[in-house]
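Q: File name coords-v9.cif; file contents mmCIF, C-alpha atoms; full text below.
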```
data_query
loop_
_atom_site.label_atom_id
_atom_site.label_comp_id
_atom_site.auth_asym_id
_atom_site.auth_seq_id
_atom_site.Cartn_x
_atom_site.Cartn_y
_atom_site.Cartn_z
CA MET A 1 8.34 5.00 22.98
CA GLY A 2 8.87 8.18 24.97
CA GLU A 3 7.72 11.70 24.28
CA ASN A 4 10.94 12.53 22.45
CA GLU A 5 10.57 9.58 20.10
CA VAL A 6 6.96 10.52 19.34
CA ASP A 7 8.06 14.07 18.56
CA GLN A 8 10.95 12.85 16.45
CA ALA A 9 8.60 10.69 14.39
CA LEU A 10 6.39 13.73 13.78
CA VAL A 11 9.40 15.92 12.98
CA GLU A 12 10.57 13.42 10.40
CA ARG A 13 7.15 13.45 8.82
CA VAL A 14 7.28 17.26 8.65
CA GLN A 15 10.74 17.08 7.11
CA ALA A 16 9.35 14.65 4.56
CA GLY A 17 6.79 17.32 3.63
CA ASP A 18 3.82 16.36 5.82
CA ARG A 19 2.36 19.65 7.04
CA ARG A 20 -0.29 17.89 9.17
CA ALA A 21 2.39 16.45 11.42
CA PHE A 22 3.39 20.00 12.32
CA ASP A 23 -0.22 20.73 13.22
CA LEU A 24 0.01 17.94 15.79
CA LEU A 25 3.21 19.38 17.22
CA VAL A 26 1.59 22.82 17.45
CA ARG A 27 -1.46 21.39 19.21
CA LYS A 28 0.69 19.38 21.56
CA TYR A 29 2.89 22.27 22.67
CA GLN A 30 0.73 25.36 22.16
CA HIS A 31 -0.28 25.69 25.82
CA ARG A 32 3.21 25.11 27.16
CA LEU A 33 4.68 27.63 24.76
CA VAL A 34 2.12 30.33 25.48
CA ALA A 35 2.61 29.75 29.21
CA LEU A 36 6.38 30.00 28.79
CA ILE A 37 6.17 33.26 26.87
CA SER A 38 3.76 34.73 29.38
CA ARG A 39 6.61 34.64 31.85
CA TYR A 40 8.51 37.12 29.70
CA VAL A 41 5.64 39.18 28.33
CA ARG A 42 2.68 40.19 30.45
CA ASP A 43 0.26 41.22 27.76
CA TRP A 44 -1.78 38.16 26.84
CA SER A 45 -2.45 39.11 23.23
CA GLU A 46 1.26 39.74 22.72
CA CYS A 47 2.00 36.31 24.20
CA GLU A 48 -0.06 34.56 21.57
CA ASP A 49 1.48 36.66 18.80
CA ILE A 50 4.97 35.75 19.99
CA ALA A 51 4.01 32.09 20.37
CA GLN A 52 2.68 32.13 16.82
CA GLU A 53 5.86 33.74 15.54
CA SER A 54 7.90 31.12 17.39
CA PHE A 55 6.00 28.30 15.74
CA VAL A 56 6.43 29.91 12.33
CA ARG A 57 10.17 30.24 12.94
CA ALA A 58 10.32 26.62 14.03
CA TRP A 59 8.46 25.60 10.90
CA LYS A 60 10.93 27.45 8.71
CA ALA A 61 13.94 26.03 10.51
CA LEU A 62 12.63 22.50 10.93
CA PRO A 63 14.36 21.07 7.84
CA ALA A 64 17.66 21.88 9.52
CA PHE A 65 16.64 20.31 12.84
CA ARG A 66 18.91 17.32 13.37
CA GLY A 67 17.28 15.87 16.45
CA GLU A 68 20.41 16.40 18.54
CA SER A 69 18.20 17.83 21.28
CA ALA A 70 14.58 17.10 22.11
CA PHE A 71 12.12 18.91 19.88
CA TYR A 72 10.58 20.80 22.80
CA THR A 73 13.99 21.95 24.05
CA TRP A 74 14.70 23.32 20.59
CA LEU A 75 11.26 24.93 20.36
CA TYR A 76 11.68 26.36 23.85
CA LYS A 77 14.92 28.13 22.81
CA ILE A 78 13.26 29.60 19.74
CA ALA A 79 10.38 30.87 21.87
CA VAL A 80 12.65 32.44 24.51
CA ASN A 81 14.72 34.19 21.84
CA THR A 82 11.60 35.41 20.07
CA ALA A 83 10.20 36.75 23.34
CA LYS A 84 13.45 38.52 24.18
CA ASN A 85 13.71 40.00 20.69
CA HIS A 86 10.16 41.24 21.05
CA LEU A 87 10.98 42.95 24.33
CA VAL A 88 14.05 44.61 22.83
CA ALA A 89 12.05 45.75 19.81
CA MET A 90 9.49 47.28 22.16
CA GLY A 91 12.22 49.13 24.02
CA ARG A 92 11.90 46.95 27.08
CA ARG A 93 14.74 45.21 28.80
CA PRO A 94 14.63 41.41 28.51
CA PRO A 95 15.33 39.47 31.71
CA THR A 96 18.94 38.40 32.04
CA ASP A 97 18.10 35.13 33.75
CA ASP A 98 16.62 32.41 31.59
CA ILE A 99 14.00 29.97 32.72
CA ALA A 100 15.18 26.38 32.65
CA VAL A 101 13.33 24.15 30.23
CA ASP A 102 12.08 21.94 33.05
CA ASP A 103 10.75 24.94 34.93
CA ALA A 104 9.37 26.61 31.85
CA VAL A 105 5.76 25.73 32.49
CA HIS A 106 5.70 24.74 36.10
CA GLY A 107 8.12 24.30 38.94
CA PRO A 108 9.91 26.76 41.18
CA GLY A 109 9.89 29.61 38.68
CA ALA A 110 6.14 29.46 38.33
CA SER A 111 5.65 32.28 40.80
CA ARG A 112 6.67 34.73 38.10
CA LEU A 113 4.13 33.17 35.83
CA HIS A 114 1.39 33.62 38.34
CA GLU A 115 2.14 37.31 38.52
CA SER A 116 0.98 37.69 34.93
CA ALA A 117 -1.84 35.13 35.05
CA THR A 118 -5.27 36.55 35.46
CA PRO A 119 -7.49 35.03 38.17
CA GLU A 120 -9.73 33.63 35.43
CA ARG A 121 -6.86 31.80 33.78
CA GLU A 122 -5.51 30.51 37.05
CA LEU A 123 -9.01 29.24 37.80
CA MET A 124 -9.06 27.50 34.43
CA ARG A 125 -5.78 25.74 35.19
CA GLN A 126 -7.15 24.55 38.53
CA GLN A 127 -10.35 23.36 36.89
CA VAL A 128 -8.40 21.36 34.31
CA GLU A 129 -6.33 19.61 36.96
CA GLN A 130 -9.30 18.96 39.26
CA THR A 131 -11.37 17.58 36.41
CA VAL A 132 -8.63 15.21 35.33
CA PHE A 133 -7.88 14.05 38.89
CA SER A 134 -11.49 13.48 39.86
CA THR A 135 -12.22 11.60 36.62
CA VAL A 136 -9.21 9.34 37.04
CA GLN A 137 -10.18 8.60 40.64
CA ALA A 138 -13.61 7.51 39.47
CA LEU A 139 -12.26 5.15 36.77
CA PRO A 140 -12.32 1.37 37.15
CA GLU A 141 -9.05 0.20 38.66
CA GLU A 142 -7.59 -1.39 35.51
CA LEU A 143 -8.13 1.83 33.56
CA ARG A 144 -6.83 4.01 36.38
CA VAL A 145 -3.68 1.93 36.79
CA ALA A 146 -3.03 1.78 33.05
CA ILE A 147 -3.37 5.52 32.48
CA THR A 148 -1.35 6.35 35.59
CA LEU A 149 1.49 4.02 34.63
CA ARG A 150 1.56 5.60 31.20
CA GLU A 151 1.10 9.32 31.93
CA VAL A 152 2.64 9.65 35.38
CA ASP A 153 5.29 6.93 35.40
CA GLY A 154 6.00 7.15 31.68
CA LEU A 155 6.08 3.40 31.12
CA SER A 156 5.84 1.93 27.65
CA TYR A 157 2.96 -0.33 26.61
CA ASP A 158 5.29 -3.33 26.90
CA GLU A 159 6.21 -2.45 30.46
CA ILE A 160 2.60 -1.79 31.43
CA ALA A 161 1.53 -5.10 29.90
CA GLU A 162 4.15 -6.87 31.96
CA LYS A 163 3.16 -5.09 35.17
CA MET A 164 -0.54 -5.66 34.67
CA GLY A 165 -0.15 -9.16 33.28
CA CYS A 166 -2.18 -8.57 30.15
CA PRO A 167 -1.60 -8.34 26.39
CA ILE A 168 -0.36 -5.09 24.84
CA GLY A 169 -3.63 -4.75 22.92
CA THR A 170 -5.49 -4.69 26.21
CA VAL A 171 -3.15 -2.00 27.55
CA ARG A 172 -3.75 0.09 24.47
CA SER A 173 -7.50 -0.31 24.87
CA ARG A 174 -7.48 0.52 28.59
CA ILE A 175 -5.40 3.63 28.10
CA PHE A 176 -7.69 4.79 25.33
CA ARG A 177 -10.84 4.21 27.39
CA ALA A 178 -9.33 6.12 30.29
CA ARG A 179 -8.48 9.03 27.99
CA GLU A 180 -11.91 8.95 26.46
CA ALA A 181 -13.50 9.17 29.90
CA ILE A 182 -11.26 12.11 30.90
CA ASP A 183 -11.91 13.83 27.59
CA GLU A 184 -15.63 13.62 28.07
CA LYS A 185 -15.32 15.60 31.31
CA LEU A 186 -12.59 17.93 30.11
CA ARG A 187 -14.23 19.13 26.91
CA PRO A 188 -17.01 21.17 28.58
CA VAL A 189 -14.43 22.81 30.87
CA LEU A 190 -12.26 23.89 27.97
CA ASP A 191 -15.23 25.10 25.96
CA THR A 192 -15.72 27.83 28.52
CA ARG A 193 -12.23 29.24 28.08
CA GLU A 194 -11.78 32.74 26.81
CA ASP A 195 -10.77 33.21 23.25
CA TYR A 196 -9.71 36.75 22.53
CA ARG A 197 -9.55 36.33 18.78
CA SER A 198 -12.71 34.50 17.84
CA MET B 1 -14.72 10.90 14.58
CA SER B 2 -15.00 7.15 14.96
CA GLU B 3 -13.93 5.28 18.07
CA SER B 4 -11.23 3.38 16.19
CA ASN B 5 -9.75 6.64 14.96
CA LEU B 6 -9.75 7.96 18.51
CA GLU B 7 -8.05 4.82 19.75
CA ASN B 8 -5.43 5.19 17.05
CA LEU B 9 -4.99 8.80 18.08
CA SER B 10 -4.42 7.71 21.66
CA ALA B 11 -1.86 5.14 20.54
CA ALA B 12 -0.17 7.75 18.35
CA ALA B 13 0.18 10.05 21.36
CA ASP B 14 2.14 7.24 23.00
CA GLY B 15 4.17 6.48 19.88
CA GLN B 16 2.57 3.07 19.48
CA LEU B 17 1.50 3.31 15.84
CA SER B 18 3.41 1.83 12.96
CA ALA B 19 4.54 4.17 10.19
CA GLN B 20 1.69 2.99 8.00
CA GLU B 21 -0.93 3.46 10.74
CA LEU B 22 0.46 6.91 11.45
CA ARG B 23 0.24 7.83 7.77
CA PHE B 24 -3.37 6.72 7.68
CA LEU B 25 -4.17 8.68 10.83
CA MET B 26 -2.59 11.79 9.31
CA ARG B 27 -4.92 11.55 6.38
CA ARG B 28 -7.88 11.26 8.74
CA LEU B 29 -6.70 14.24 10.76
CA ASP B 30 -6.62 16.35 7.64
CA HIS B 31 -10.39 16.10 7.34
CA ASP B 32 -11.39 15.76 10.97
CA GLN B 33 -11.25 18.88 13.08
CA ALA B 34 -12.74 17.06 16.09
CA LEU B 35 -9.96 14.49 15.94
CA ARG B 36 -7.32 17.25 15.93
CA GLU B 37 -8.93 18.87 18.96
CA ALA B 38 -9.02 15.52 20.74
CA TRP B 39 -5.25 15.24 20.24
CA ASP B 40 -4.88 18.61 21.96
CA ARG B 41 -7.05 17.52 24.91
CA PHE B 42 -5.31 14.15 25.28
CA HIS B 43 -2.03 15.96 25.89
CA LEU B 44 -3.61 18.53 28.16
CA ALA B 45 -5.15 15.70 30.19
CA GLY B 46 -1.73 14.10 30.50
CA ASP B 47 -0.26 17.38 31.76
CA GLY B 48 -3.15 17.71 34.21
CA LEU B 49 -2.66 14.18 35.49
CA ARG B 50 0.99 14.95 36.20
CA GLY B 51 -0.06 18.18 37.93
CA GLN B 52 1.61 20.16 35.16
CA ALA B 53 -1.30 21.86 33.48
CA PRO B 54 -0.02 25.13 32.02
CA ALA B 55 -1.25 28.11 33.94
CA GLN B 56 -2.09 29.84 30.68
CA LEU B 57 -3.94 28.00 27.99
CA ALA B 58 -3.75 29.07 24.40
CA SER B 59 -7.06 30.19 22.99
CA ALA B 60 -9.16 27.66 21.09
CA ALA B 61 -8.35 29.02 17.63
CA PHE B 62 -4.62 29.43 18.26
CA ALA B 63 -3.44 26.30 16.44
CA ALA B 64 -5.58 27.12 13.41
CA ARG B 65 -4.07 30.62 13.29
CA VAL B 66 -0.56 29.20 13.44
CA MET B 67 -1.26 26.80 10.59
CA ALA B 68 -2.76 29.63 8.54
CA ALA B 69 0.40 31.69 9.16
CA ILE B 70 2.54 28.73 8.17
CA ASP B 71 0.78 28.52 4.83
CA GLN B 72 2.33 31.90 4.10
CA ALA B 73 5.78 30.81 5.28
CA PRO B 74 7.68 28.45 3.02
CA LEU B 75 9.91 25.84 4.57
CA MET B 76 13.59 26.65 4.65
CA ALA B 77 15.53 24.76 2.00
CA VAL B 78 17.07 21.63 3.37
CA ALA B 79 20.82 21.78 3.27
CA PRO B 80 22.36 18.43 2.36
CA ARG B 81 23.92 16.81 5.35
CA ARG B 82 27.69 16.84 5.22
CA ARG B 83 29.42 13.58 5.65
CA HIS B 84 32.24 13.56 8.14
CA TRP B 85 34.68 11.86 5.81
CA LEU B 86 33.94 14.43 3.12
CA HIS B 87 34.40 17.22 5.62
CA TRP B 88 37.78 15.90 6.71
CA SER B 89 39.02 15.15 3.22
CA ALA B 90 38.01 18.64 2.09
CA GLY B 91 39.91 20.08 5.04
CA GLY B 92 42.89 17.90 4.23
CA ALA B 93 42.85 18.97 0.60
CA ILE B 94 42.80 22.63 1.60
CA ALA B 95 45.66 22.09 4.04
CA ALA B 96 47.67 20.24 1.40
CA GLY B 97 46.99 23.02 -1.11
CA VAL B 98 48.17 25.66 1.32
CA ALA B 99 51.29 23.66 2.09
CA VAL B 100 52.15 23.25 -1.60
CA ALA B 101 51.52 26.94 -2.23
CA ALA B 102 53.75 27.84 0.69
CA LEU B 103 56.48 25.60 -0.66
CA MET B 104 56.21 27.16 -4.12
CA VAL B 105 56.44 30.66 -2.74
CA SER B 106 59.37 29.81 -0.57
CA GLN B 107 61.28 28.12 -3.39
CA PRO B 108 62.65 30.85 -5.63
CA ALA B 109 65.46 28.45 -6.37
CA GLY B 110 63.28 27.00 -9.07
CA HIS B 111 64.38 29.87 -11.29
CA ARG B 112 67.84 28.68 -11.80
CA PRO B 113 69.55 30.20 -14.74
CA ASP B 114 69.78 26.85 -16.42
CA THR B 115 66.08 26.07 -16.03
CA ALA B 116 64.46 29.48 -16.34
CA ALA B 117 61.43 29.70 -18.58
CA PRO B 118 62.18 31.13 -21.97
CA VAL B 119 59.21 33.49 -21.79
CA ALA B 120 60.53 35.03 -18.64
CA ALA B 121 63.95 35.26 -20.16
CA THR B 122 62.70 37.17 -23.16
CA HIS B 123 61.12 39.75 -20.89
CA ALA B 124 64.18 40.23 -18.83
CA THR B 125 65.45 43.73 -19.15
CA GLY B 126 68.17 43.68 -16.67
CA ASN B 127 69.95 41.65 -14.17
CA THR B 128 68.69 43.48 -11.12
CA THR B 129 66.40 41.95 -8.61
CA ASP B 130 63.64 44.50 -9.19
CA ALA B 131 63.58 43.84 -12.90
CA SER B 132 63.24 40.16 -12.31
CA VAL B 133 60.26 40.68 -10.07
CA ALA B 134 58.64 42.84 -12.72
CA ASP B 135 59.31 40.21 -15.36
CA VAL B 136 57.63 37.50 -13.40
CA GLY B 137 54.63 39.72 -12.89
CA SER B 138 54.36 40.57 -16.55
CA SER B 139 54.07 36.99 -17.73
CA PRO B 140 51.33 35.45 -15.65
CA ALA B 141 50.35 32.87 -18.24
CA ALA B 142 53.77 31.33 -18.41
CA ALA B 143 54.13 28.46 -16.03
CA PRO B 144 57.63 28.42 -14.61
CA GLN B 145 59.52 25.41 -15.68
CA TRP B 146 60.32 24.42 -12.16
CA LEU B 147 56.62 23.83 -11.59
CA SER B 148 56.52 21.16 -14.23
CA GLY B 149 58.17 17.80 -14.19
CA ASN B 150 59.56 16.20 -11.13
CA VAL B 151 58.80 19.07 -8.76
CA ALA B 152 58.21 17.02 -5.67
CA SER B 153 61.52 15.22 -5.80
CA ARG B 154 63.35 18.45 -6.53
CA LEU B 155 61.79 20.17 -3.55
CA THR B 156 62.71 17.24 -1.40
CA GLN B 157 66.25 17.42 -2.59
CA GLN B 158 66.41 21.12 -1.93
CA ALA B 159 65.17 20.65 1.57
CA ALA B 160 68.05 18.27 2.15
CA TYR B 161 70.75 20.68 1.02
CA GLY B 162 73.50 21.19 3.52
CA SER B 163 75.03 24.38 4.74
CA GLY B 164 77.81 24.38 2.25
CA SER B 165 75.97 23.84 -0.85
CA PRO B 166 73.88 25.22 -3.44
CA MET B 167 72.22 28.01 -1.50
CA ALA B 168 74.91 30.21 -2.92
CA SER B 169 73.87 29.25 -6.41
CA TYR B 170 70.25 30.34 -5.86
CA PRO B 171 69.78 33.35 -8.08
CA GLN B 172 68.21 36.51 -6.73
CA GLN B 173 65.87 36.97 -9.64
CA VAL B 174 62.48 36.45 -8.13
CA SER B 175 62.74 37.58 -4.57
CA GLN B 176 63.69 41.01 -3.45
CA TYR B 177 65.21 39.31 -0.47
CA GLN B 178 68.78 38.25 -0.40
CA VAL B 179 69.44 34.70 0.36
CA GLN B 180 72.27 34.50 2.80
CA PRO B 181 74.42 31.49 3.44
CA LEU B 182 73.22 29.22 6.17
CA GLN B 183 74.69 29.97 9.51
CA PRO B 184 74.98 27.74 12.47
CA VAL B 185 72.84 29.01 15.30
CA GLN B 186 72.89 28.12 18.91
CA PHE B 187 70.16 28.73 21.43
CA ASN B 188 71.71 28.05 24.77
CA GLY B 189 73.23 24.98 23.26
CA ALA B 190 69.83 23.49 22.66
CA ILE B 191 70.31 23.43 18.92
CA SER B 192 73.56 22.33 17.44
CA ALA B 193 75.20 23.61 14.31
CA ASN B 194 73.93 20.53 12.51
CA ASP B 195 70.37 21.34 13.48
CA ALA B 196 70.74 24.82 12.12
CA ARG B 197 71.68 23.80 8.66
CA TYR B 198 68.05 23.94 7.56
CA MET B 199 67.59 27.51 8.68
CA ILE B 200 67.40 30.01 5.85
CA LEU B 201 67.77 33.65 6.75
CA LEU B 202 66.20 36.12 4.38
CA SER B 203 66.70 39.84 4.61
CA PRO B 204 65.61 42.65 2.30
CA VAL B 205 68.21 44.20 0.05
CA VAL B 206 69.09 47.42 1.82
CA PRO B 207 72.22 49.52 1.77
CA ALA B 208 74.67 47.95 4.07
CA VAL B 209 74.98 49.84 7.30
CA GLN B 210 78.08 49.47 9.30
CA ALA B 211 77.11 48.02 12.58
CA VAL B 212 78.53 49.99 15.46
CA PRO B 213 78.91 48.15 18.69
CA ARG B 214 76.99 49.62 21.56
CA GLN B 215 80.15 50.19 23.52
CA GLN B 216 81.64 52.31 20.75
CA ARG B 217 78.46 54.35 20.45
CA ALA B 218 78.53 55.04 24.15
CA GLN B 219 82.08 56.19 23.90
CA ALA B 220 81.27 58.48 20.99
CA GLN B 221 78.54 60.14 22.99
#
```
Output the file's structure in the form of C-alpha cells.
A:
Amino acid sequence: MGENEVDQALVERVQAGDRRAFDLLVRKYQHRLVALISRYVRDWSECEDIAQESFVRAWKALPAFRGESAFYTWLYKIAVNTAKNHLVAMGRRPPTDDIAVDDAVHGPGASRLHESATPERELMRQQVEQTVFSTVQALPEELRVAITLREVDGLSYDEIAEKMGCPIGTVRSRIFRAREAIDEKLRPVLDTREDYRS
Amino acid sequence: MSESNLENLSAAADGQLSAQELRFLMRRLDHDQALREAWDRFHLAGDGLRGQAPAQLASAAFAARVMAAIDQAPLMAVAPRRRHWLHWSAGGAIAAGVAVAALMVSQPAGHRPDTAAPVAATHATGNTTDASVADVGSSPAAAPQWLSGNVASRLTQQAAYGSGSPMASYPQQVSQYQVQPLQPVQFNGAISANDARYMILLSPVVPAVQAVPRQQRAQAQ
C-alpha cells in the first residue's frame, strides 16, 4: 500500500465521522504544509496561522473530497490558495508562479524557501537528516535494508519479503525496530525545537 | 505506549493494518498523546531518510492547535453523490421537456376553429389577431383542447403537411404573426423545392409596404 492509499484510508475514516483520523493526517503533513506556506509568506507566525486555516478548510471540505487526486495534492492546493488570499488581504501581491507539488517542500524551488528560513531552522533540518542517516547507518543490516527498501524505494511489505526472503511478519517487525531506533535518536533533537506558541 | 501499539502504528504508517486493527489503533491514539507524537516522528524520519526533511518544522503544539480549531468548525454537509445514469436521464428529461414546449409554442394550428376550447371561445370579443392573443392570456386555467388527446400523432401529421395543404387553414387567432404559404426556396441549388416544403415563414402583421426595386429608387433620386 502506497502513501496515497494510506491517506485515502484515513480520509474515508474522517468521512465516516472519525475525527482522530484527521489528527493523523494533520500530524503527517503539518511540517510539509508549513514549509510550503513559508515560501509564500516570510513571517513565521503567519505561516503557522495560514497552515492552521488551510487544515480547517480541508476539514470542512473533506466530505466532498472524492479521492480523484492524492490527498496531499488537494491539501497543497488549499494551502497555496489560502496563502495567496492572505497576501491579497494584507495588501501584498501574491506570486504569479506557483510551486509544483513535487517541489513544494524540497527540490529546485527550495532556494526561495531558504531565503525565509532562519539559520536556526535550517540547522534543525540538517540535524534531523543527519540524525536519521547516522542512525540508519548504525543499524544491523537486516533492519537497514528493510527500512531503506520501504522508505526510500517505496516497496510494499510483500515485495520486501520477497527481496529479503523472509515472512511478511518479519518485515513488519524489522521495519518497526528500525523506526524505533531512529525515533529514539530523533526525539531529543526535536525536543529542542522552538515553539513560538507554547 | 506499549511496544505492540508502536508496532501497529508503524504498520499503519505503511498501510499494512486491517480495517479492524486500524479502528483499534484509532481508539488507542485518542488516549495516547505519546503515540500520536510517535506517528509524527515516524513520518519525519521517513522524510529525513529520503533527504526530504522540510526546512521548516511546525512547532510542537501545532497539531493540537489545529484540532482545537477544528472542534469549532463543523464538517461541511456531505452532498449525495450523483449517479451518472440519473444525471443523464435528468438531462434527457429536461431536453425532452424543452422540445415539447417548443413544439407547443410553434403549433398555433392547434386552435382550429373546429377544435377551439369553449372557454376561449366565450371570451372572444372579436375576430382580430390581437383580441385572440388577449383571450388566450385571460384564461390561463383552460387547457387548450389541442393539448389533450392524441397530441403527438397530430403534431406528427402536421409536420408532414405539404406545401399545398392546410397551412392556409391555420387560423391567425393565437399568434400575432401571419402564417404565409410555404414557398419553395433555393440556396444555390443545394435545396430543392421539395426540401423547402417544411419551411414555414412567419412575419409580423404590419401594413403592407410596396416594395420598390432598387433600380427604380435610383432612378427616382
Q: Give as a PDB file with C-alpha atoms, keeping the file's coordinate frame the residues that the PyMOL selection byres ((chain B) within 6 of (chain A)) matches when applied to the coordinates above.
A:
```
ATOM      1  CA  GLU B   7      -8.050   4.820  19.750  1.00  0.00           C
ATOM      2  CA  SER B  10      -4.420   7.710  21.660  1.00  0.00           C
ATOM      3  CA  GLY B  15       4.170   6.480  19.880  1.00  0.00           C
ATOM      4  CA  ASP B  40      -4.880  18.610  21.960  1.00  0.00           C
ATOM      5  CA  GLY B  46      -1.730  14.100  30.500  1.00  0.00           C
ATOM      6  CA  GLY B  48      -3.150  17.710  34.210  1.00  0.00           C
ATOM      7  CA  ARG B  50       0.990  14.950  36.200  1.00  0.00           C
ATOM      8  CA  PRO B  54      -0.020  25.130  32.020  1.00  0.00           C
ATOM      9  CA  ALA B  55      -1.250  28.110  33.940  1.00  0.00           C
ATOM     10  CA  GLN B  56      -2.090  29.840  30.680  1.00  0.00           C
ATOM     11  CA  LEU B  57      -3.940  28.000  27.990  1.00  0.00           C
ATOM     12  CA  ALA B  58      -3.750  29.070  24.400  1.00  0.00           C
ATOM     13  CA  SER B  59      -7.060  30.190  22.990  1.00  0.00           C
ATOM     14  CA  ALA B  63      -3.440  26.300  16.440  1.00  0.00           C
ATOM     15  CA  VAL B  66      -0.560  29.200  13.440  1.00  0.00           C
ATOM     16  CA  ILE B  70       2.540  28.730   8.170  1.00  0.00           C
ATOM     17  CA  LEU B  75       9.910  25.840   4.570  1.00  0.00           C
ATOM     18  CA  MET B  76      13.590  26.650   4.650  1.00  0.00           C
ATOM     19  CA  VAL B  78      17.070  21.630   3.370  1.00  0.00           C
TER      20      VAL B  78
END
```
Q: Could you jot down the atom CA of B:Phe42 to atom CA of A:Lys185 separation for me, Å, one decimal place?
A: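 These atoms are spaced 11.8 Å apart.
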Q: Which is closest to A:Trp74 among A:Val11, A:Glu141, A:Pro188, A:Met164, if we use all atoms listed in the file?
A: A:Val11
Q: Do you have the atom CA of A:Pro95-atom CA of A:Lys77 distance handy?
A: 14.4 Å
Q: Since I can't run it myself right now, could you work out what the PyMOL selection byres ((chain B and resi 2) around 12) selects here and report it as a list in words?
A: Met1, Glu3, Ser4, Asn5, Leu6, Glu7, Asn8, Leu9, Leu25, Arg28, Leu29, Asp32, Ala34, Leu35 and Ala38 of chain B
Q: How many Å lie between atom CA of B:Gln20 and atom CA of A:Leu75, rounded to one decimal?
A: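 Calculated distance between atom CA of B:Gln20 and atom CA of A:Leu75 is 26.9 Å.
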Q: Show which residues sit within 8 Å of A:Tyr40, as a list of chain:residue names. Count all atoms listed in the file, and ignore same-chain residues fewer than 6 positions away.
A: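 Near neighbours after the sequence-gap exclusion: A:Ala83, A:Lys84, A:Pro94, A:Pro95.
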Q: Pull C-alpha atoms from the residues just selected and write them as a PDB file, keeping the file's coordinate frame.
A:
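Dumped to part_35.pdb:
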```pdb
ATOM      1  CA  ALA A  83      10.200  36.750  23.340  1.00  0.00           C
ATOM      2  CA  LYS A  84      13.450  38.520  24.180  1.00  0.00           C
ATOM      3  CA  PRO A  94      14.630  41.410  28.510  1.00  0.00           C
ATOM      4  CA  PRO A  95      15.330  39.470  31.710  1.00  0.00           C
TER       5      PRO A  95
END
```
